[in-house]
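Content type CSV, N, CA and C atoms, from the file my_file.csv:
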chain,number,residue,atom,x,y,z
Y,734,GLN,N,-6.8,-16.0,-21.2
Y,734,GLN,CA,-7.8,-15.8,-22.3
Y,734,GLN,C,-9.2,-16.2,-21.8
Y,735,VAL,N,-10.1,-15.3,-21.9
Y,735,VAL,CA,-11.5,-15.6,-21.4
Y,735,VAL,C,-12.3,-16.0,-22.7
Y,736,PRO,N,-12.9,-17.1,-22.7
Y,736,PRO,CA,-13.7,-17.6,-23.8
Y,736,PRO,C,-15.0,-16.7,-23.9
Y,737,VAL,N,-15.2,-16.3,-25.2
Y,737,VAL,CA,-16.4,-15.5,-25.5
Y,737,VAL,C,-17.1,-16.1,-26.7
Y,738,VAL,N,-18.4,-16.2,-26.7
Y,738,VAL,CA,-19.1,-16.8,-27.8
Y,738,VAL,C,-20.2,-15.8,-28.2
Y,739,GLU,N,-20.2,-15.2,-29.3
Y,739,GLU,CA,-21.3,-14.4,-29.8
Y,739,GLU,C,-22.1,-15.2,-30.7
Y,740,SER,N,-23.4,-15.0,-30.7
Y,740,SER,CA,-24.3,-15.7,-31.5
Y,740,SER,C,-25.6,-14.9,-31.8
Y,741,GLY,N,-26.4,-15.4,-32.7
Y,741,GLY,CA,-27.7,-14.7,-33.0
Y,741,GLY,C,-27.7,-13.8,-34.2
Y,742,GLY,N,-26.5,-13.7,-34.9
Y,742,GLY,CA,-26.5,-12.9,-36.1
Y,742,GLY,C,-27.1,-13.6,-37.3
Y,743,GLY,N,-27.1,-13.0,-38.4
Y,743,GLY,CA,-27.6,-13.7,-39.6
Y,743,GLY,C,-28.3,-12.7,-40.6
Y,744,LEU,N,-29.1,-13.2,-41.5
Y,744,LEU,CA,-29.8,-12.5,-42.5
Y,744,LEU,C,-31.2,-12.3,-42.1
Y,745,VAL,N,-31.7,-11.0,-42.2
Y,745,VAL,CA,-33.1,-10.8,-41.9
Y,745,VAL,C,-33.6,-9.7,-42.9
Y,746,GLN,N,-34.9,-9.7,-43.1
Y,746,GLN,CA,-35.5,-8.7,-44.0
Y,746,GLN,C,-35.7,-7.4,-43.2
Y,747,ALA,N,-35.7,-6.3,-43.9
Y,747,ALA,CA,-36.0,-5.0,-43.3
Y,747,ALA,C,-37.3,-5.1,-42.5
Y,748,GLY,N,-37.2,-4.5,-41.3
Y,748,GLY,CA,-38.4,-4.5,-40.4
Y,748,GLY,C,-38.3,-5.7,-39.4
Y,749,GLY,N,-37.4,-6.6,-39.7
Y,749,GLY,CA,-37.3,-7.8,-38.8
Y,749,GLY,C,-36.5,-7.6,-37.6
Y,750,SER,N,-36.3,-8.7,-36.8
Y,750,SER,CA,-35.6,-8.6,-35.5
Y,750,SER,C,-34.6,-9.7,-35.4
Y,751,LEU,N,-33.6,-9.4,-34.6
Y,751,LEU,CA,-32.5,-10.4,-34.3
Y,751,LEU,C,-32.2,-10.1,-32.8
Y,752,ARG,N,-31.7,-11.2,-32.2
Y,752,ARG,CA,-31.2,-11.0,-30.8
Y,752,ARG,C,-29.8,-11.6,-30.7
Y,753,LEU,N,-28.9,-10.7,-30.5
Y,753,LEU,CA,-27.5,-11.1,-30.3
Y,753,LEU,C,-27.2,-11.5,-28.9
Y,754,SER,N,-26.4,-12.5,-28.7
Y,754,SER,CA,-26.0,-13.0,-27.4
Y,754,SER,C,-24.4,-13.0,-27.4
Y,755,CYS,N,-23.9,-12.7,-26.2
Y,755,CYS,CA,-22.5,-12.7,-26.0
Y,755,CYS,C,-22.3,-13.4,-24.6
Y,756,ALA,N,-21.9,-14.7,-24.7
Y,756,ALA,CA,-21.7,-15.5,-23.5
Y,756,ALA,C,-20.2,-15.5,-23.2
Y,757,VAL,N,-20.0,-15.1,-21.9
Y,757,VAL,CA,-18.6,-14.9,-21.5
Y,757,VAL,C,-18.2,-16.1,-20.5
Y,758,SER,N,-17.1,-16.6,-20.7
Y,758,SER,CA,-16.5,-17.6,-19.8
Y,758,SER,C,-16.8,-19.0,-20.1
Y,759,GLY,N,-18.0,-19.4,-20.1
Y,759,GLY,CA,-18.5,-20.7,-20.5
Y,759,GLY,C,-17.5,-21.9,-20.2
Y,760,GLY,N,-17.2,-22.1,-18.9
Y,760,GLY,CA,-16.3,-23.2,-18.6
Y,760,GLY,C,-14.9,-22.7,-18.4
Y,761,GLY,N,-14.6,-21.4,-18.7
Y,761,GLY,CA,-13.3,-20.8,-18.5
Y,761,GLY,C,-13.2,-20.2,-17.1
Y,762,PRO,N,-12.4,-19.2,-16.9
Y,762,PRO,CA,-12.2,-18.7,-15.5
Y,762,PRO,C,-13.5,-18.0,-15.1
Y,763,ARG,N,-13.6,-17.8,-13.7
Y,763,ARG,CA,-14.8,-17.2,-13.2
Y,763,ARG,C,-14.7,-15.7,-13.5
Y,764,VAL,N,-15.9,-15.2,-14.0
Y,764,VAL,CA,-16.0,-13.8,-14.4
Y,764,VAL,C,-17.2,-13.1,-13.8
Y,765,ILE,N,-17.0,-11.9,-13.4
Y,765,ILE,CA,-18.1,-11.0,-12.9
Y,765,ILE,C,-18.3,-10.0,-14.0
Y,766,VAL,N,-19.5,-9.8,-14.5
Y,766,VAL,CA,-19.8,-8.8,-15.5
Y,766,VAL,C,-20.2,-7.5,-14.8
Y,767,ASN,N,-19.5,-6.4,-15.0
Y,767,ASN,CA,-19.9,-5.2,-14.4
Y,767,ASN,C,-20.6,-4.2,-15.4
Y,768,GLY,N,-20.3,-4.4,-16.6
Y,768,GLY,CA,-20.9,-3.5,-17.6
Y,768,GLY,C,-20.6,-4.1,-19.0
Y,769,ALA,N,-21.4,-3.6,-20.0
Y,769,ALA,CA,-21.2,-4.2,-21.3
Y,769,ALA,C,-21.6,-3.2,-22.4
Y,770,ASP,N,-20.8,-3.2,-23.4
Y,770,ASP,CA,-21.1,-2.3,-24.6
Y,770,ASP,C,-21.3,-3.1,-25.8
Y,771,TRP,N,-22.0,-2.6,-26.8
Y,771,TRP,CA,-22.1,-3.2,-28.1
Y,771,TRP,C,-21.6,-2.2,-29.1
Y,772,TYR,N,-20.8,-2.7,-30.0
Y,772,TYR,CA,-20.3,-1.8,-31.1
Y,772,TYR,C,-20.7,-2.5,-32.4
Y,773,ARG,N,-20.6,-1.7,-33.5
Y,773,ARG,CA,-20.8,-2.3,-34.8
Y,773,ARG,C,-19.8,-1.6,-35.8
Y,774,GLN,N,-19.5,-2.4,-36.8
Y,774,GLN,CA,-18.6,-1.8,-37.9
Y,774,GLN,C,-19.3,-2.1,-39.2
Y,775,ARG,N,-19.7,-1.1,-39.8
Y,775,ARG,CA,-20.3,-1.3,-41.2
Y,775,ARG,C,-19.3,-1.2,-42.2
Y,776,SER,N,-19.6,-1.8,-43.4
Y,776,SER,CA,-18.6,-1.9,-44.4
Y,776,SER,C,-18.0,-0.5,-44.8
Y,777,GLY,N,-16.7,-0.5,-44.8
Y,777,GLY,CA,-16.0,0.7,-45.1
Y,777,GLY,C,-16.0,1.9,-44.1
Y,778,LEU,N,-16.6,1.6,-43.0
Y,778,LEU,CA,-16.7,2.6,-41.9
Y,778,LEU,C,-16.0,2.2,-40.7
Y,779,GLU,N,-15.8,3.2,-39.8
Y,779,GLU,CA,-15.1,2.8,-38.5
Y,779,GLU,C,-16.1,2.2,-37.6
Y,780,ARG,N,-15.5,1.5,-36.6
Y,780,ARG,CA,-16.4,0.9,-35.6
Y,780,ARG,C,-17.1,2.0,-34.8
Y,781,GLU,N,-18.3,1.8,-34.5
Y,781,GLU,CA,-19.1,2.8,-33.7
Y,781,GLU,C,-19.8,2.2,-32.5
Y,782,VAL,N,-20.1,3.0,-31.5
Y,782,VAL,CA,-20.8,2.5,-30.4
Y,782,VAL,C,-22.3,2.4,-30.6
Y,783,VAL,N,-22.8,1.3,-30.2
Y,783,VAL,CA,-24.3,1.1,-30.3
Y,783,VAL,C,-25.0,1.3,-29.0
Y,784,SER,N,-24.4,0.8,-28.0
Y,784,SER,CA,-25.0,0.9,-26.6
Y,784,SER,C,-23.9,0.8,-25.6
Y,785,VAL,N,-24.1,1.4,-24.4
Y,785,VAL,CA,-23.2,1.4,-23.3
Y,785,VAL,C,-24.0,1.1,-22.0
Y,786,MET,N,-23.7,0.0,-21.4
Y,786,MET,CA,-24.4,-0.4,-20.2
Y,786,MET,C,-23.5,-0.3,-19.0
Y,787,SER,N,-23.9,0.4,-17.9
Y,787,SER,CA,-23.0,0.5,-16.7
Y,787,SER,C,-23.4,-0.6,-15.8
Y,788,SER,N,-22.7,-0.6,-14.6
Y,788,SER,CA,-22.8,-1.7,-13.7
Y,788,SER,C,-24.2,-1.8,-13.1
Y,789,ASP,N,-24.9,-0.6,-13.0
Y,789,ASP,CA,-26.3,-0.6,-12.5
Y,789,ASP,C,-27.3,-0.8,-13.6
Y,790,HIS,N,-26.9,-1.3,-14.7
Y,790,HIS,CA,-27.8,-1.6,-15.9
Y,790,HIS,C,-28.3,-0.4,-16.6
Y,791,THR,N,-27.9,0.8,-16.1
Y,791,THR,CA,-28.3,2.0,-16.9
Y,791,THR,C,-27.6,1.9,-18.3
Y,792,THR,N,-28.4,2.1,-19.3
Y,792,THR,CA,-27.9,2.0,-20.7
Y,792,THR,C,-28.2,3.2,-21.5
Y,793,ASN,N,-27.1,3.6,-22.2
Y,793,ASN,CA,-27.3,4.7,-23.2
Y,793,ASN,C,-27.1,4.1,-24.6
Y,794,TYR,N,-27.9,4.7,-25.5
Y,794,TYR,CA,-27.9,4.2,-26.9
Y,794,TYR,C,-27.5,5.3,-27.8
Y,795,ALA,N,-26.9,4.8,-28.9
Y,795,ALA,CA,-26.6,5.8,-30.0
Y,795,ALA,C,-28.0,6.2,-30.6
Y,796,ASP,N,-28.0,7.4,-31.1
Y,796,ASP,CA,-29.3,8.0,-31.6
Y,796,ASP,C,-29.9,7.1,-32.7
Y,797,PHE,N,-29.0,6.5,-33.5
Y,797,PHE,CA,-29.5,5.8,-34.7
Y,797,PHE,C,-30.2,4.4,-34.3
Y,798,VAL,N,-30.1,4.0,-33.0
Y,798,VAL,CA,-30.8,2.8,-32.6
Y,798,VAL,C,-31.8,3.0,-31.5
Y,799,LYS,N,-31.9,4.2,-31.0
Y,799,LYS,CA,-32.8,4.5,-29.9
Y,799,LYS,C,-34.3,4.1,-30.3
Y,800,GLY,N,-34.9,3.4,-29.4
Y,800,GLY,CA,-36.3,2.9,-29.6
Y,800,GLY,C,-36.4,1.6,-30.4
Y,801,ARG,N,-35.3,1.2,-30.9
Y,801,ARG,CA,-35.3,-0.1,-31.7
Y,801,ARG,C,-34.4,-1.2,-31.1
Y,802,PHE,N,-33.4,-0.8,-30.5
Y,802,PHE,CA,-32.4,-1.8,-29.9
Y,802,PHE,C,-32.5,-1.7,-28.4
Y,803,THR,N,-32.4,-2.9,-27.7
Y,803,THR,CA,-32.4,-3.0,-26.3
Y,803,THR,C,-31.3,-3.9,-25.8
Y,804,ALA,N,-30.4,-3.4,-25.0
Y,804,ALA,CA,-29.3,-4.2,-24.4
Y,804,ALA,C,-29.8,-4.7,-23.0
Y,805,SER,N,-29.3,-5.9,-22.7
Y,805,SER,CA,-29.6,-6.4,-21.4
Y,805,SER,C,-28.5,-7.4,-21.0
Y,806,ARG,N,-28.5,-7.8,-19.8
Y,806,ARG,CA,-27.5,-8.8,-19.4
Y,806,ARG,C,-28.0,-9.7,-18.3
Y,807,ASP,N,-27.5,-10.9,-18.3
Y,807,ASP,CA,-27.9,-11.9,-17.2
Y,807,ASP,C,-26.6,-12.2,-16.5
Y,808,ASN,N,-26.4,-11.6,-15.3
Y,808,ASN,CA,-25.2,-11.8,-14.6
Y,808,ASN,C,-25.0,-13.2,-14.2
Y,809,ALA,N,-26.0,-13.9,-13.9
Y,809,ALA,CA,-25.9,-15.3,-13.4
Y,809,ALA,C,-25.3,-16.2,-14.5
Y,810,LYS,N,-25.6,-15.9,-15.8
Y,810,LYS,CA,-25.1,-16.6,-16.9
Y,810,LYS,C,-23.9,-15.9,-17.5
Y,811,THR,N,-23.5,-14.8,-17.0
Y,811,THR,CA,-22.5,-13.9,-17.6
Y,811,THR,C,-22.7,-13.8,-19.1
Y,812,THR,N,-23.9,-13.5,-19.4
Y,812,THR,CA,-24.3,-13.3,-20.8
Y,812,THR,C,-24.9,-11.9,-21.0
Y,813,VAL,N,-24.5,-11.3,-22.1
Y,813,VAL,CA,-25.1,-10.0,-22.5
Y,813,VAL,C,-25.9,-10.1,-23.8
Y,814,TYR,N,-26.9,-9.3,-24.0
Y,814,TYR,CA,-27.7,-9.5,-25.1
Y,814,TYR,C,-28.0,-8.1,-25.8
Y,815,LEU,N,-28.3,-8.2,-27.1
Y,815,LEU,CA,-28.7,-7.0,-27.8
Y,815,LEU,C,-29.9,-7.4,-28.6
Y,816,GLN,N,-31.1,-7.0,-28.2
Y,816,GLN,CA,-32.3,-7.2,-29.0
Y,816,GLN,C,-32.4,-6.1,-30.0
Y,817,MET,N,-32.5,-6.5,-31.3
Y,817,MET,CA,-32.6,-5.5,-32.3
Y,817,MET,C,-33.9,-5.7,-33.1
Y,818,ASP,N,-34.7,-4.7,-33.0
Y,818,ASP,CA,-36.0,-4.7,-33.7
Y,818,ASP,C,-36.1,-3.6,-34.8
Y,819,ASP,N,-37.0,-3.8,-35.7
Y,819,ASP,CA,-37.2,-2.9,-36.8
Y,819,ASP,C,-35.8,-2.6,-37.5
Y,820,LEU,N,-35.1,-3.7,-37.8
Y,820,LEU,CA,-33.8,-3.6,-38.5
Y,820,LEU,C,-34.0,-3.0,-39.9
Y,821,GLN,N,-33.0,-2.2,-40.2
Y,821,GLN,CA,-32.9,-1.6,-41.5
Y,821,GLN,C,-31.6,-2.0,-42.2
Y,822,PRO,N,-31.6,-1.9,-43.6
Y,822,PRO,CA,-30.4,-2.2,-44.3
Y,822,PRO,C,-29.1,-1.5,-43.8
Y,823,GLU,N,-29.3,-0.3,-43.3
Y,823,GLU,CA,-28.1,0.5,-42.8
Y,823,GLU,C,-27.6,-0.1,-41.5
Y,824,ASP,N,-28.4,-1.0,-40.9
Y,824,ASP,CA,-27.9,-1.7,-39.6
Y,824,ASP,C,-27.0,-2.8,-39.9
Y,825,SER,N,-26.8,-3.2,-41.2
Y,825,SER,CA,-26.0,-4.3,-41.6
Y,825,SER,C,-24.5,-4.0,-41.2
Y,826,GLY,N,-23.9,-5.0,-40.7
Y,826,GLY,CA,-22.5,-4.9,-40.3
Y,826,GLY,C,-22.0,-6.0,-39.3
Y,827,GLU,N,-20.8,-5.8,-38.8
Y,827,GLU,CA,-20.3,-6.8,-37.8
Y,827,GLU,C,-20.5,-6.1,-36.5
Y,828,TYR,N,-21.1,-6.9,-35.6
Y,828,TYR,CA,-21.4,-6.5,-34.2
Y,828,TYR,C,-20.5,-7.1,-33.2
Y,829,TYR,N,-20.0,-6.3,-32.3
Y,829,TYR,CA,-19.1,-6.8,-31.3
Y,829,TYR,C,-19.6,-6.5,-29.9
Y,830,CYS,N,-19.5,-7.4,-29.0
Y,830,CYS,CA,-19.7,-7.1,-27.6
Y,830,CYS,C,-18.4,-6.8,-26.9
Y,831,HIS,N,-18.5,-5.9,-25.9
Y,831,HIS,CA,-17.3,-5.5,-25.1
Y,831,HIS,C,-17.7,-5.5,-23.7
Y,832,VAL,N,-17.2,-6.4,-22.9
Y,832,VAL,CA,-17.6,-6.6,-21.5
Y,832,VAL,C,-16.6,-6.1,-20.6
Y,833,HIS,N,-17.1,-5.3,-19.6
Y,833,HIS,CA,-16.2,-4.8,-18.5
Y,833,HIS,C,-16.4,-5.8,-17.4
Y,834,GLY,N,-15.4,-6.5,-17.1
Y,834,GLY,CA,-15.6,-7.6,-16.1
Y,834,GLY,C,-14.4,-7.7,-15.2
Y,835,GLU,N,-14.6,-8.6,-14.3
Y,835,GLU,CA,-13.5,-9.0,-13.4
Y,835,GLU,C,-13.3,-10.5,-13.5
Y,836,VAL,N,-12.1,-10.9,-13.7
Y,836,VAL,CA,-11.7,-12.3,-13.9
Y,836,VAL,C,-10.9,-12.8,-12.7
Y,837,PHE,N,-11.3,-14.0,-12.3
Y,837,PHE,CA,-10.6,-14.5,-11.1
Y,837,PHE,C,-9.3,-15.1,-11.5
Y,838,VAL,N,-8.2,-14.6,-10.9
Y,838,VAL,CA,-6.9,-15.1,-11.2
Y,838,VAL,C,-6.5,-16.1,-10.1
Y,839,VAL,N,-6.4,-17.3,-10.5
Y,839,VAL,CA,-6.3,-18.4,-9.6
Y,839,VAL,C,-5.0,-18.3,-8.7
Y,840,HIS,N,-3.9,-18.0,-9.4
Y,840,HIS,CA,-2.6,-18.0,-8.6
Y,840,HIS,C,-2.5,-16.8,-7.7
Y,841,GLU,N,-3.4,-15.8,-7.8
Y,841,GLU,CA,-3.5,-14.6,-7.0
Y,841,GLU,C,-4.6,-14.7,-6.0
Y,842,SER,N,-5.5,-15.6,-6.2
Y,842,SER,CA,-6.7,-15.8,-5.4
Y,842,SER,C,-7.6,-14.5,-5.3
Y,843,ARG,N,-7.7,-13.8,-6.4
Y,843,ARG,CA,-8.5,-12.6,-6.4
Y,843,ARG,C,-8.9,-12.3,-7.8
Y,844,TYR,N,-9.9,-11.4,-7.9
Y,844,TYR,CA,-10.4,-10.9,-9.2
Y,844,TYR,C,-9.6,-9.7,-9.6
Y,845,ARG,N,-9.4,-9.7,-11.0
Y,845,ARG,CA,-8.8,-8.5,-11.6
Y,845,ARG,C,-9.7,-8.0,-12.7
Y,846,ASN,N,-9.7,-6.6,-12.8
Y,846,ASN,CA,-10.5,-6.0,-13.9
Y,846,ASN,C,-10.0,-6.5,-15.2
Y,847,HIS,N,-10.9,-6.7,-16.1
Y,847,HIS,CA,-10.5,-7.2,-17.5
Y,847,HIS,C,-11.5,-6.7,-18.5
Y,848,GLN,N,-11.0,-6.3,-19.7
Y,848,GLN,CA,-11.9,-6.0,-20.8
Y,848,GLN,C,-11.9,-7.2,-21.7
Y,849,ILE,N,-13.1,-7.5,-22.1
Y,849,ILE,CA,-13.3,-8.8,-22.9
Y,849,ILE,C,-14.1,-8.4,-24.1
Y,850,TRP,N,-13.5,-8.7,-25.3
Y,850,TRP,CA,-14.1,-8.5,-26.6
Y,850,TRP,C,-14.7,-9.7,-27.2
Y,851,GLY,N,-15.9,-9.6,-27.8
Y,851,GLY,CA,-16.4,-10.7,-28.6
Y,851,GLY,C,-15.7,-10.8,-29.9
Y,852,GLN,N,-15.9,-11.9,-30.6
Y,852,GLN,CA,-15.2,-12.1,-31.9
Y,852,GLN,C,-15.9,-11.4,-33.0
Y,853,GLY,N,-17.1,-10.9,-32.8
Y,853,GLY,CA,-17.8,-10.2,-33.8
Y,853,GLY,C,-18.8,-11.2,-34.5
Y,854,ILE,N,-19.9,-10.7,-34.9
Y,854,ILE,CA,-20.9,-11.5,-35.5
Y,854,ILE,C,-21.6,-10.7,-36.6
Y,855,LEU,N,-21.9,-11.3,-37.7
Y,855,LEU,CA,-22.4,-10.6,-38.9
Y,855,LEU,C,-23.9,-10.5,-38.9
Y,856,VAL,N,-24.4,-9.2,-39.1
Y,856,VAL,CA,-25.8,-9.0,-39.2
Y,856,VAL,C,-26.0,-8.4,-40.6
Y,857,THR,N,-26.9,-9.0,-41.4
Y,857,THR,CA,-27.2,-8.5,-42.7
Y,857,THR,C,-28.7,-8.3,-42.8
Y,858,VAL,N,-29.1,-7.1,-43.2
Y,858,VAL,CA,-30.5,-6.8,-43.4
Y,858,VAL,C,-30.8,-6.4,-44.8
Y,859,SER,N,-31.7,-7.2,-45.4
Y,859,SER,CA,-32.0,-7.0,-46.8
Y,859,SER,C,-33.2,-6.1,-46.9
Y,860,SER,N,-33.2,-5.3,-48.0
Y,860,SER,CA,-34.3,-4.4,-48.2
Y,860,SER,C,-35.5,-5.0,-49.0

Would you write out, as structure tokens, the structure that this file holds?
Amino acid sequence: QVPVVESGGGLVQAGGSLRLSCAVSGGGPRVIVNGADWYRQRSGLEREVVSVMSSDHTTNYADFVKGRFTASRDNAKTTVYLQMDDLQPEDSGEYYCHVHGEVFVVHESRYRNHQIWGQGILVTVSS
């Protein structure tokens, strides 16, 4: 089990900003972050992709967040971020990070590919 801590969610007024963080490992096994995605699930709807970041930091965004959201990552800290600006009430929902990483397996003395999900964090935007 790879520890993951999401933070930065909360309540904000329309037009405001939040920055979500997803810190991977934090004292757990050694992890290499190769890519990271952000998803969200709004009330009564299915989970949808917000952004997809590849290993070279190239990022694609869903049309509904283009120009407002920016994903980034700090490999040294194994942390990924989602800067959300000009938030609107329809952006309210549970946000999840999904990290494509490699986890060091001690008894094998090597890294193995691993998909790591955040626990989800609530974002509420009031009108």

Pull the closest atom pair for each residue of range 739-761 of chain Y that gets at most 7 Å from range 790-813 of chain Y, along with the distance in Å to one decimal, counting all atoms listed in the file, ordering rows by chain and then ascending residue number, as a Markdown table.
| residue | atom | partner | partner_atom | distance |
| --- | --- | --- | --- | --- |
| Y:Leu753 | C | Y:Val813 | C | 5.4 |
| Y:Ser754 | CA | Y:Val813 | C | 4.6 |
| Y:Cys755 | C | Y:Val813 | N | 3.9 |
| Y:Ala756 | CA | Y:Thr812 | CA | 4.3 |
| Y:Val757 | N | Y:Thr811 | C | 4.1 |
| Y:Ser758 | N | Y:Thr811 | C | 6.5 |

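The closest residue to Ser750 in chain Y, picked from Y:Val858, Y:Leu820, Y:Gln852, Y:Ser842 and counting only N, CA and C atoms, is Y:Leu820.
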
(Q) Given only C-alpha atoms as the basis, pick out the residue of Y:Gly749, Y:Gly768, Y:Gly742, Y:Pro762 nearest to Pro822 in chain Y. (A) Y:Gly749

Q: List every protein, DNA or RNA residue that has at least one atom no more than 10 Å from (-16.7, -4.0, -13.7) in the file's coordinates, counting only C-alpha atoms, and write the result as a PyMOL selection string.
A: chain Y and resi 764-769+787-788+832-836+845-848

Q: as a ChimeraX atom specification, please: all residues of chain Y that backbone DSSP puts in strand (DSSP E).
A: /Y:737-740,743-746,751-757,764-774,781-786,792-794,802-807,812-817,826-838,843-850,854-859

Q: For CA of Gln734 in chain Y and CA of Trp771 in chain Y, determine how far apart the two atoms are, in Å to one decimal place.
A: 19.9 Å

Q. CA of Asp789 in chain Y and CA of Gln774 in chain Y, how far apart in Å?
A.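 That distance, rounded to one decimal, is 26.6 Å.
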
Q.
Would you compute the distance between CA of Arg843 in chain Y and atom C of Asp770 in chain Y? Give it in Å to one decimal.
A. 25.1 Å
